[in-house]
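Chemist: Sharing my_file-v3.txt (compact mmCIF, C-alpha atoms and all ligand atoms) below.
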```txt
# COMPACT_ATOMS: atom_id res chain seq x y z
CA MET A 17 -197.87 3.94 78.73
CA ALA A 18 -196.14 3.15 75.46
CA ASP A 19 -194.61 -0.24 74.51
CA LYS A 20 -192.38 -1.84 77.15
CA SER A 21 -193.77 0.83 79.50
CA ASP A 22 -191.20 3.37 78.34
CA LEU A 23 -191.64 6.93 79.61
CA ILE A 24 -190.07 9.22 77.03
CA SER A 25 -192.53 12.12 76.78
CA ILE A 26 -195.13 13.18 79.33
CA ARG A 27 -197.64 12.56 76.53
CA ASP A 28 -196.93 8.84 76.85
CA LEU A 29 -199.18 9.07 79.93
CA ASN A 30 -202.91 9.75 80.01
CA LYS A 31 -204.68 11.38 82.96
CA HIS A 32 -205.54 8.00 84.50
CA ALA A 33 -201.89 6.83 84.34
CA ILE A 34 -200.66 10.11 85.86
CA MET A 35 -203.17 9.92 88.72
CA LYS A 36 -202.17 6.32 89.37
CA ILE A 37 -198.49 7.31 89.70
CA LEU A 38 -199.33 10.29 91.94
CA THR A 39 -201.57 8.15 94.15
CA ARG A 40 -198.86 5.49 94.52
CA ALA A 41 -196.31 8.21 95.31
CA TYR A 42 -198.64 9.57 97.99
CA GLU A 43 -198.95 6.07 99.53
CA PHE A 44 -195.16 5.72 99.55
CA LYS A 45 -194.74 9.13 101.16
CA GLN A 46 -197.30 8.28 103.85
CA ASN A 47 -196.36 4.67 104.55
CA GLY A 48 -192.77 4.28 103.35
CA ILE A 49 -191.36 2.75 100.19
CA PRO A 50 -191.80 -1.06 100.18
CA GLN A 51 -188.99 -3.44 99.22
CA SER A 52 -190.90 -4.53 96.14
CA LEU A 53 -188.08 -4.84 93.56
CA PRO A 54 -185.46 -7.07 95.25
CA ASP A 55 -184.66 -8.95 92.04
CA LYS A 56 -184.31 -5.91 89.74
CA ILE A 57 -181.19 -4.24 88.39
CA ILE A 58 -181.66 -0.71 87.08
CA ALA A 59 -179.10 1.24 85.05
CA THR A 60 -178.78 5.00 85.48
CA CYS A 61 -177.05 6.19 82.31
CA PHE A 62 -176.28 9.89 82.68
CA PHE A 63 -174.45 11.59 79.84
CA GLU A 64 -175.12 15.04 81.42
CA PRO A 65 -174.67 16.50 84.92
CA SER A 66 -177.38 15.73 87.47
CA THR A 67 -177.87 15.94 91.22
CA ARG A 68 -181.56 15.36 91.97
CA THR A 69 -182.65 13.19 89.07
CA LYS A 70 -179.80 10.69 89.34
CA LEU A 71 -179.62 10.55 93.13
CA SER A 72 -183.38 10.43 93.71
CA PHE A 73 -183.73 7.63 91.16
CA GLU A 74 -180.86 5.74 92.79
CA THR A 75 -182.26 6.28 96.29
CA ALA A 76 -185.68 5.12 95.06
CA ILE A 77 -184.12 1.97 93.56
CA LEU A 78 -182.25 1.16 96.77
CA ARG A 79 -185.32 1.85 98.94
CA LEU A 80 -187.34 -0.47 96.67
CA GLY A 81 -184.72 -3.13 97.36
CA GLY A 82 -183.30 -3.06 93.82
CA LYS A 83 -179.70 -2.69 92.65
CA VAL A 84 -178.11 0.08 90.62
CA ILE A 85 -175.50 0.07 87.88
CA GLY A 86 -174.59 3.09 85.80
CA PHE A 87 -172.43 6.11 85.13
CA SER A 88 -172.56 9.88 85.30
CA SER A 89 -170.44 10.76 82.27
CA ASP A 90 -169.41 9.00 79.08
CA GLU A 91 -165.71 9.49 79.89
CA CYS A 92 -165.28 5.88 80.97
CA LEU A 93 -167.43 4.32 78.25
CA SER A 94 -166.52 2.74 74.92
CA ILE A 95 -168.21 5.76 73.33
CA GLN A 96 -164.69 7.20 73.73
CA LYS A 97 -163.52 4.47 71.33
CA GLY A 98 -166.16 5.45 68.78
CA GLU A 99 -169.09 3.24 69.85
CA THR A 100 -172.53 4.69 69.05
CA LEU A 101 -175.21 5.56 71.60
CA SER A 102 -177.45 2.91 70.00
CA ASP A 103 -174.92 0.12 70.47
CA THR A 104 -174.19 1.27 74.03
CA ILE A 105 -177.87 1.20 75.01
CA ARG A 106 -178.53 -2.07 73.17
CA VAL A 107 -175.81 -3.75 75.24
CA ILE A 108 -176.81 -2.23 78.62
CA SER A 109 -180.46 -3.10 78.00
CA ASN A 110 -179.47 -6.78 78.02
CA TYR A 111 -177.93 -6.39 81.47
CA ALA A 112 -180.50 -4.19 83.22
CA ASP A 113 -184.26 -4.55 83.79
CA LEU A 114 -184.78 -0.83 83.12
CA ILE A 115 -182.63 2.10 82.02
CA VAL A 116 -182.94 5.72 83.14
CA ILE A 117 -181.16 7.87 80.58
CA ARG A 118 -180.18 11.56 80.54
CA HIS A 119 -178.53 12.89 77.42
CA PRO A 120 -177.74 16.35 75.98
CA GLN A 121 -179.29 15.43 72.62
CA ALA A 122 -183.05 15.98 72.14
CA GLY A 123 -184.50 12.69 70.92
CA ALA A 124 -181.80 10.49 72.51
CA ALA A 125 -184.25 8.85 74.91
CA ARG A 126 -186.65 7.96 72.08
CA LEU A 127 -183.74 6.50 70.11
CA ALA A 128 -182.77 4.45 73.16
CA ALA A 129 -186.35 3.21 73.60
CA ASN A 130 -186.50 2.12 69.97
CA ILE A 131 -183.54 -0.21 70.32
CA ALA A 132 -183.54 -1.25 74.00
CA ALA A 133 -184.78 -4.64 75.11
CA CYS A 134 -185.90 -3.19 78.48
CA PRO A 135 -188.07 -0.17 79.43
CA ILE A 136 -186.49 3.27 79.17
CA ILE A 137 -187.26 6.30 81.35
CA ASN A 138 -186.21 9.68 80.03
CA GLY A 139 -184.33 11.61 82.73
CA GLY A 140 -184.04 14.64 80.42
CA ASP A 141 -183.06 14.77 76.75
CA GLY A 142 -181.53 18.09 75.74
CA GLU A 143 -184.07 20.89 75.64
CA ASN A 144 -186.85 18.46 74.76
CA GLN A 145 -188.56 16.68 77.67
CA HIS A 146 -188.18 15.79 81.35
CA PRO A 147 -191.36 13.81 82.07
CA THR A 148 -190.54 12.59 85.60
CA GLN A 149 -189.96 16.19 86.69
CA ALA A 150 -193.45 17.08 85.40
CA LEU A 151 -194.90 14.28 87.55
CA ILE A 152 -193.04 15.68 90.57
CA ASP A 153 -194.36 19.16 89.76
CA LEU A 154 -197.95 17.88 89.57
CA PHE A 155 -197.52 15.94 92.81
CA SER A 156 -196.20 19.06 94.55
CA ILE A 157 -199.01 21.20 93.16
CA TYR A 158 -201.61 18.70 94.35
CA GLU A 159 -199.98 18.52 97.75
CA THR A 160 -200.09 22.30 98.20
CA GLN A 161 -203.32 23.22 96.41
CA HIS A 162 -205.33 20.00 97.01
CA LYS A 163 -206.40 19.96 93.37
CA LEU A 164 -204.96 20.10 89.87
CA ASP A 165 -207.98 21.30 87.92
CA GLY A 166 -208.84 24.97 88.10
CA ILE A 167 -205.53 26.43 89.24
CA SER A 168 -203.38 29.23 87.82
CA VAL A 169 -199.66 28.77 87.26
CA ALA A 170 -197.01 31.33 86.25
CA LEU A 171 -194.04 29.84 84.40
CA VAL A 172 -191.09 32.21 84.72
CA GLY A 173 -187.69 32.43 83.06
CA ASP A 174 -186.19 30.36 80.27
CA LEU A 175 -189.29 28.85 78.69
CA LYS A 176 -187.48 28.22 75.40
CA TYR A 177 -184.77 25.81 76.53
CA GLY A 178 -186.22 24.56 79.82
CA ARG A 179 -187.23 20.93 79.28
CA THR A 180 -189.07 20.75 82.62
CA ILE A 181 -191.29 23.55 81.32
CA HIS A 182 -191.93 21.72 78.06
CA SER A 183 -193.09 18.59 79.86
CA PHE A 184 -195.13 20.52 82.42
CA VAL A 185 -196.92 22.56 79.75
CA GLU A 186 -198.07 19.35 78.10
CA THR A 187 -199.70 18.17 81.33
CA CYS A 188 -201.88 21.29 81.23
CA ILE A 189 -203.88 19.80 78.37
CA LEU A 190 -205.02 17.04 80.77
CA PHE A 191 -205.90 19.37 83.66
CA ASP A 192 -207.67 22.70 83.64
CA ILE A 193 -204.55 24.76 84.38
CA ARG A 194 -204.44 28.44 83.36
CA LEU A 195 -200.92 29.53 82.35
CA PHE A 196 -199.16 32.90 82.68
CA LEU A 197 -195.95 32.77 80.62
CA VAL A 198 -193.34 35.22 81.94
CA ALA A 199 -190.18 35.30 79.81
CA PRO A 200 -187.87 37.63 77.88
CA ASP A 201 -188.64 37.91 74.16
CA GLY A 202 -185.76 35.63 73.17
CA LEU A 203 -186.78 32.86 75.59
CA LEU A 204 -190.49 32.44 74.90
CA LEU A 205 -192.27 29.10 74.99
CA PRO A 206 -191.64 27.39 71.60
CA ALA A 207 -194.35 27.98 68.99
CA ASP A 208 -195.18 24.27 68.61
CA LEU A 209 -196.06 24.08 72.32
CA CYS A 210 -198.15 27.27 72.10
CA ASP A 211 -199.98 25.58 69.20
CA VAL A 212 -200.67 22.51 71.34
CA LEU A 213 -202.11 24.74 74.10
CA LYS A 214 -204.32 26.52 71.56
CA GLN A 215 -205.45 23.26 70.03
CA TYR A 216 -206.62 22.00 73.44
CA GLY A 217 -208.20 25.31 74.43
CA ILE A 218 -205.81 25.95 77.35
CA ARG A 219 -205.91 29.58 78.52
CA PHE A 220 -202.49 31.25 78.45
CA SER A 221 -201.01 34.74 78.15
CA PHE A 222 -197.55 36.33 77.75
CA HIS A 223 -196.02 38.71 80.30
CA ASN A 224 -192.76 40.61 80.79
CA SER A 225 -192.60 40.83 84.56
CA ILE A 226 -193.37 38.92 87.72
CA GLU A 227 -195.25 41.96 89.11
CA GLU A 228 -197.88 41.57 86.38
CA VAL A 229 -198.88 38.08 87.46
CA ILE A 230 -197.88 37.39 91.07
CA ALA A 231 -201.22 38.41 92.62
CA ARG A 232 -203.18 36.20 90.23
CA VAL A 233 -201.52 32.81 90.56
CA ASP A 234 -201.56 29.80 92.90
CA ILE A 235 -198.16 28.54 91.78
CA ILE A 236 -195.13 30.42 90.51
CA TYR A 237 -192.72 28.06 88.76
CA MET A 238 -189.25 29.59 88.49
CA THR A 239 -186.51 28.36 86.12
CA ARG A 240 -182.86 29.17 85.51
CA LEU A 241 -181.27 30.35 82.28
CA GLN A 242 -180.27 27.12 80.46
CA LYS A 243 -176.89 28.54 79.40
CA GLU A 244 -175.54 25.18 78.33
CA ARG A 245 -178.12 24.98 75.54
CA MET A 246 -177.57 28.48 74.15
CA THR A 247 -175.52 28.91 71.06
CA GLN A 248 -175.72 32.72 71.13
CA LEU A 249 -174.67 35.27 73.72
CA HIS A 250 -176.53 34.87 77.00
CA GLY A 251 -175.77 38.33 78.29
CA GLU A 252 -178.32 39.85 75.93
CA TYR A 253 -181.16 38.76 78.23
CA GLU A 254 -182.08 41.02 81.13
CA PHE A 255 -182.65 37.96 83.27
CA ASN A 256 -182.70 39.91 86.54
CA ASN A 257 -186.27 40.94 85.71
CA TYR A 258 -187.19 37.28 85.86
CA CYS A 259 -185.84 36.64 89.35
CA LEU A 260 -188.13 36.41 92.36
CA ARG A 261 -187.44 38.91 95.14
CA SER A 262 -188.94 39.14 98.63
CA GLU A 263 -190.78 42.37 97.64
CA HIS A 264 -192.79 40.46 95.03
CA LEU A 265 -194.36 38.34 97.73
CA THR A 266 -196.16 41.25 99.35
CA LEU A 267 -198.63 40.91 96.46
CA ALA A 268 -199.01 37.12 96.70
CA LYS A 269 -202.17 35.17 97.53
CA ALA A 270 -201.93 33.27 100.85
CA ASN A 271 -201.98 29.91 99.06
CA LEU A 272 -199.18 30.82 96.62
CA ARG A 273 -196.37 28.29 96.52
CA ILE A 274 -193.07 28.68 94.69
CA LEU A 275 -191.73 25.75 92.68
CA HIS A 276 -188.36 25.39 90.96
CA PRO A 277 -186.99 22.14 89.50
CA LEU A 278 -183.56 23.23 90.81
CA PRO A 279 -180.65 23.89 90.52
CA ARG A 280 -181.26 27.51 91.45
CA VAL A 281 -178.67 30.06 90.39
CA ASN A 282 -180.04 33.51 91.27
CA GLU A 283 -183.72 33.18 90.29
CA ILE A 284 -185.00 33.14 93.85
CA ASP A 285 -183.73 35.33 96.70
CA PHE A 286 -182.23 33.14 99.41
CA ALA A 287 -184.29 35.11 101.96
CA ILE A 288 -187.43 33.57 100.43
CA ASP A 289 -186.33 30.05 101.45
CA CYS A 290 -187.62 30.50 104.99
CA THR A 291 -191.05 31.82 103.99
CA GLU A 292 -194.20 29.71 103.82
CA TYR A 293 -194.29 30.31 100.06
CA ALA A 294 -191.10 28.37 99.31
CA TYR A 295 -191.78 24.77 98.27
CA TYR A 296 -188.83 23.89 96.02
CA PHE A 297 -186.94 21.77 98.52
CA GLN A 298 -190.07 19.78 99.39
CA GLN A 299 -190.60 19.45 95.62
CA ALA A 300 -187.10 17.97 95.27
CA LYS A 301 -187.83 15.57 98.14
CA ASN A 302 -191.02 14.47 96.37
CA GLY A 303 -188.80 13.29 93.51
CA LEU A 304 -187.92 10.26 95.61
CA TYR A 305 -191.54 9.14 96.09
CA VAL A 306 -192.69 9.90 92.57
CA ARG A 307 -189.74 8.06 90.98
CA ALA A 308 -190.17 5.11 93.36
CA ALA A 309 -193.86 4.95 92.42
CA LEU A 310 -193.05 5.03 88.72
CA LEU A 311 -190.43 2.26 88.98
CA ASN A 312 -192.78 0.18 91.10
CA LEU A 313 -195.62 0.54 88.60
CA ILE A 314 -193.45 -0.18 85.54
CA LEU A 315 -191.50 -3.12 86.94
CA LYS A 316 -193.98 -4.66 89.35
CA GLU A 317 -197.36 -4.05 87.78
CA ARG A 318 -196.46 -3.86 84.13
CA HIS A 319 -199.27 -6.13 83.04
CA GLU A 320 -202.02 -4.62 85.20
C1 LIG B 1 -183.68 20.36 85.56
C2 LIG B 1 -183.09 19.71 84.30
O1 LIG B 1 -182.11 18.96 84.38
O2 LIG B 1 -183.67 19.97 83.26
N1 LIG B 1 -183.13 19.84 86.74
C3 LIG B 1 -183.72 18.76 87.33
O3 LIG B 1 -183.73 17.68 86.79
N2 LIG B 1 -184.31 18.93 88.51
C4 LIG B 1 -183.69 21.84 85.52
C5 LIG B 1 -182.42 22.58 85.22
O4 LIG B 1 -181.36 21.99 85.05
O5 LIG B 1 -182.51 23.81 85.17
```
What is this structure when it is put down as structure tokens?
Ligand code: NCD
Modeler:
Amino acid sequence: MADKSDLISIRDLNKHAIMKILTRAYEFKQNGIPQSLPDKIIATCFFEPSTRTKLSFETAILRLGGKVIGFSSDECLSIQKGETLSDTIRVISNYADLIVIRHPQAGAARLAANIAACPIINGGDGENQHPTQALIDLFSIYETQHKLDGISVALVGDLKYGRTIHSFVETCILFDIRLFLVAPDGLLLPADLCDVLKQYGIRFSFHNSIEEVIARVDIIYMTRLQKERMTQLHGEYEFNNYCLRSEHLTLAKANLRILHPLPRVNEIDFAIDCTEYAYYFQQAKNGLYVRAALLNLILKERHE
């Protein structure tokens, strides 16, 4: 991990560090989360809406025996009086032992890490990165496929603005994961990330429909249209072609599992929820164990 054990980008972690977090998360899921952080105060600073990230972090903190301070919008902060994000974080970092930040601006978490006295975890910065979600995705893949190397994953939907996609794609350079990128022309994976995949020799290909790839993959990772990050008209995308329907699953391999970072809008038929392929709610539950493991490792075993 980087200085102060910040986690800003998934690339702050090497394969060994990722496996250590996933192993600890597995232990917590099997044996329960120990009360290992009774003396710690953690701030959850959310400048953007969140259900899973904020509440799973807060549940993890409470299960670890720690205490939570924080906010879920800047409406009640001195930012309203003109205070900068830097000053806000500098002050909070002298109260808390660790800050989890979510912010609509790409780069905000890195800025926070540069000025904070305590470790910073990025809970999503604009369209940039969402590293803890990538850890949850890997955990859920391992849980369902019993391996990370040698699997095939289809990433479907808004690959341009989806920060969970951006972080996940960067884990593929550490594991032998073959990628099928299924997106409308206007929402393709950004060129700099395609360059990273090429540079590391990761196999990937572009597709226009779920039908083209469904029979070939172990994991199908669905995403919603990130309307809040779009400056242009959204209606121009035929997004219905990028929604998973029950009929698609007739072509699926038996081990196929469907992931989605959630929230779902209309990307997955509700009828699919009760099939053996659906894994997105278990994935969201895994957020608790993975985030507890990460906090435990950063705050308890920082000097290991
Ligand atoms: C994601 C996010 O915030 O980027 N949600 C999450 O944290 N599970 C995905 C999304 O909002 O589409």
Chemist: List as a PyMOL selection string the protein and nucleic acid residues near Asp141 (chain A), meaning an atom at most 7 Å away when all atoms listed in the file are counted, but skip any in the same chain fewer than 4 places from it.
Modeler: chain A and resi 118-125+145-146
Chemist: Give as JSON, numbers by chain the residues surrounding ligand LIG 1 (chain B) up to a distance of 7 Å, considering all atoms listed in the file.
Modeler: {"A": [66, 68, 69, 140, 146, 149, 178, 179, 180, 239, 240, 242, 277, 278, 279]}
Chemist: For a test of reading the model, state the distance in Å between CA of Ser94 (chain A) and CA of Ser109 (chain A), rounded to one decimal.
Modeler: 15.4 Å
Chemist: Kindly indicate which residue among A:Leu213, A:Ile37, A:His276, A:Gly173 lies nearest to Ser225 (chain A), using only C-alpha atoms for the distances.
Modeler: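 Looking at the shortest contact to Ser225 (chain A), the residue is A:Gly173.
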Chemist: Could you check how far CA of Glu43 (chain A) sits from CA of Gln161 (chain A), in Å to one decimal?
Modeler: 18.0 Å
Chemist: Counting all atoms listed in the file, which residue out of A:Ile49, A:Ala128, A:Cys134, A:Leu114 sits closest to Arg79 (chain A)?
Modeler: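 Ranked by minimum distance to Arg79 (chain A), first place goes to A:Ile49.
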Chemist: Which of these, A:Ala41, A:Leu241, A:Ala59, A:Leu190, has the shortest distance to Ile85 (chain A) once you count all atoms listed in the file?
Modeler: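 Ranked by minimum distance to Ile85 (chain A), first place goes to A:Ala59.
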Chemist: In Å, how far is it from CA of Arg280 (chain A) to CA of Leu310 (chain A)?
Modeler: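 Going from CA of Arg280 (chain A) over to CA of Leu310 (chain A), I get 25.5 Å.
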Chemist: At a cut-off of 9 Å, using all atoms listed in the file, what residues contact Asn302 (chain A)? Leave out same-chain residues fewer than 3 positions from it and give the result as a list in words.
Modeler: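 My reading of the contact set: Ala41, Lys45, Ile152, Asp153, Phe155, Ser156, Phe297, Gln298, Gln299, Tyr305, Val306 and Arg307 of chain A.
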Chemist: Any chance you could export the current selection's C-alpha atoms as an mmCIF file, keeping the file's coordinate frame?
Modeler:
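Full text of selection_20.cif as output:
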```cif
data_model
loop_
_atom_site.group_PDB
_atom_site.id
_atom_site.type_symbol
_atom_site.label_atom_id
_atom_site.label_comp_id
_atom_site.auth_asym_id
_atom_site.auth_seq_id
_atom_site.Cartn_x
_atom_site.Cartn_y
_atom_site.Cartn_z
ATOM 1 C CA ALA A 41 -196.310 8.210 95.310
ATOM 2 C CA LYS A 45 -194.740 9.130 101.160
ATOM 3 C CA ILE A 152 -193.040 15.680 90.570
ATOM 4 C CA ASP A 153 -194.360 19.160 89.760
ATOM 5 C CA PHE A 155 -197.520 15.940 92.810
ATOM 6 C CA SER A 156 -196.200 19.060 94.550
ATOM 7 C CA PHE A 297 -186.940 21.770 98.520
ATOM 8 C CA GLN A 298 -190.070 19.780 99.390
ATOM 9 C CA GLN A 299 -190.600 19.450 95.620
ATOM 10 C CA TYR A 305 -191.540 9.140 96.090
ATOM 11 C CA VAL A 306 -192.690 9.900 92.570
ATOM 12 C CA ARG A 307 -189.740 8.060 90.980
#
```
Chemist: Skipping near chain neighbours, those fewer than 6 positions away, what residues fall within 12 Å of Cys92 (chain A) using all atoms listed in the file, listed as a PyMOL selection string?
Modeler: chain A and resi 61-63+86
Chemist: Tell me which protein, DNA and RNA residues are within 10 Å of Thr291 (chain A), counting only C-alpha atoms, leaving out same-chain ones fewer than 6 positions away, and put them as a list in words.
Modeler: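 So the residues in contact are Ser262, Leu265 and Arg273 of chain A.
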Chemist: Quick one: everything within 12 Å of Pro54 (chain A), counting only C-alpha atoms, minus sequence neighbours fewer than 5 positions away in the same chain. Send it as a PyMOL selection string.
Modeler: chain A and resi 77-84+113+312+315-316
Chemist: Please determine, counting only C-alpha atoms, which residue among A:Leu154, A:Cys259, A:Ala268, A:Ala112 has the shortest atom-to-atom distance to Thr39 (chain A).
Modeler: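 The shortest atom-to-atom distance to Thr39 (chain A) comes from A:Leu154.
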Chemist: Nearest residue to Ala309 (chain A) out of A:Ile230, A:Cys290, A:Leu151, A:Ile131, using only C-alpha atoms?
Modeler: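 Looking at the shortest contact to Ala309 (chain A), the residue is A:Leu151.
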Chemist: Can you pull region 121-197 of chain A out of that block with C-alpha atoms and hand it back as a short mmCIF file (atom, residue, chain, number, x, y, z; two decimals), in the first residue's frame?
Modeler:
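Ended up saving to part.cif:
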```cif
data_model
loop_
_atom_site.label_atom_id
_atom_site.label_comp_id
_atom_site.auth_asym_id
_atom_site.auth_seq_id
_atom_site.Cartn_x
_atom_site.Cartn_y
_atom_site.Cartn_z
CA GLN A 121 -14.74 14.96 -8.57
CA ALA A 122 -12.18 12.56 -10.10
CA GLY A 123 -8.93 13.02 -8.17
CA ALA A 124 -10.60 14.24 -4.95
CA ALA A 125 -9.49 11.20 -2.97
CA ARG A 126 -5.86 11.65 -4.06
CA LEU A 127 -6.04 15.32 -3.08
CA ALA A 128 -7.41 14.29 0.32
CA ALA A 129 -4.64 11.72 0.79
CA ASN A 130 -1.99 14.32 -0.01
CA ILE A 131 -3.08 16.61 2.80
CA ALA A 132 -4.63 14.28 5.41
CA ALA A 133 -2.78 13.30 8.56
CA CYS A 134 -4.58 9.92 8.64
CA PRO A 135 -5.08 7.17 6.02
CA ILE A 136 -7.66 7.78 3.30
CA ILE A 137 -9.80 5.16 1.56
CA ASN A 138 -11.39 6.14 -1.73
CA GLY A 139 -15.10 5.22 -1.70
CA GLY A 140 -15.47 6.43 -5.30
CA ASP A 141 -14.16 9.61 -6.91
CA GLY A 142 -16.23 10.74 -9.89
CA GLU A 143 -15.78 8.49 -12.89
CA ASN A 144 -12.24 7.62 -11.84
CA GLN A 145 -11.84 4.77 -9.34
CA HIS A 146 -13.72 2.67 -6.77
CA PRO A 147 -11.01 0.34 -5.45
CA THR A 148 -12.94 -1.28 -2.57
CA GLN A 149 -15.67 -2.33 -5.02
CA ALA A 150 -13.00 -4.05 -7.16
CA LEU A 151 -11.87 -6.00 -4.08
CA ILE A 152 -15.48 -7.05 -3.46
CA ASP A 153 -15.81 -8.09 -7.10
CA LEU A 154 -12.65 -10.22 -6.90
CA PHE A 155 -13.81 -11.77 -3.63
CA SER A 156 -17.17 -12.65 -5.19
CA ILE A 157 -15.51 -14.08 -8.30
CA TYR A 158 -13.21 -16.23 -6.18
CA GLU A 159 -16.12 -17.39 -4.08
CA THR A 160 -18.10 -18.51 -7.13
CA GLN A 161 -15.35 -19.72 -9.47
CA HIS A 162 -12.78 -20.91 -6.88
CA LYS A 163 -10.01 -19.15 -8.78
CA LEU A 164 -9.11 -15.76 -10.21
CA ASP A 165 -6.55 -16.76 -12.82
CA GLY A 166 -7.83 -18.20 -16.07
CA ILE A 167 -11.41 -16.95 -16.05
CA SER A 168 -13.42 -15.02 -18.64
CA VAL A 169 -15.42 -11.94 -17.68
CA ALA A 170 -17.88 -9.89 -19.75
CA LEU A 171 -18.16 -6.25 -18.68
CA VAL A 172 -21.48 -4.87 -19.91
CA GLY A 173 -22.97 -1.39 -20.11
CA ASP A 174 -21.45 1.98 -19.31
CA LEU A 175 -17.74 1.20 -19.45
CA LYS A 176 -16.84 4.84 -20.03
CA TYR A 177 -18.16 6.44 -16.85
CA GLY A 178 -18.40 3.39 -14.56
CA ARG A 179 -15.68 3.76 -11.93
CA THR A 180 -16.19 0.21 -10.62
CA ILE A 181 -15.31 -0.98 -14.13
CA HIS A 182 -12.18 1.16 -14.22
CA SER A 183 -10.89 -0.28 -10.96
CA PHE A 184 -11.86 -3.84 -11.87
CA VAL A 185 -10.14 -3.65 -15.26
CA GLU A 186 -6.90 -2.70 -13.53
CA THR A 187 -7.02 -5.83 -11.38
CA CYS A 188 -6.98 -7.89 -14.58
CA ILE A 189 -3.31 -7.03 -15.08
CA LEU A 190 -2.55 -8.95 -11.86
CA PHE A 191 -4.67 -12.00 -12.69
CA ASP A 192 -5.06 -13.87 -15.95
CA ILE A 193 -8.57 -12.60 -16.67
CA ARG A 194 -9.84 -12.53 -20.28
CA LEU A 195 -12.20 -9.59 -20.90
CA PHE A 196 -15.19 -9.24 -23.24
CA LEU A 197 -16.17 -5.55 -23.37
#
```
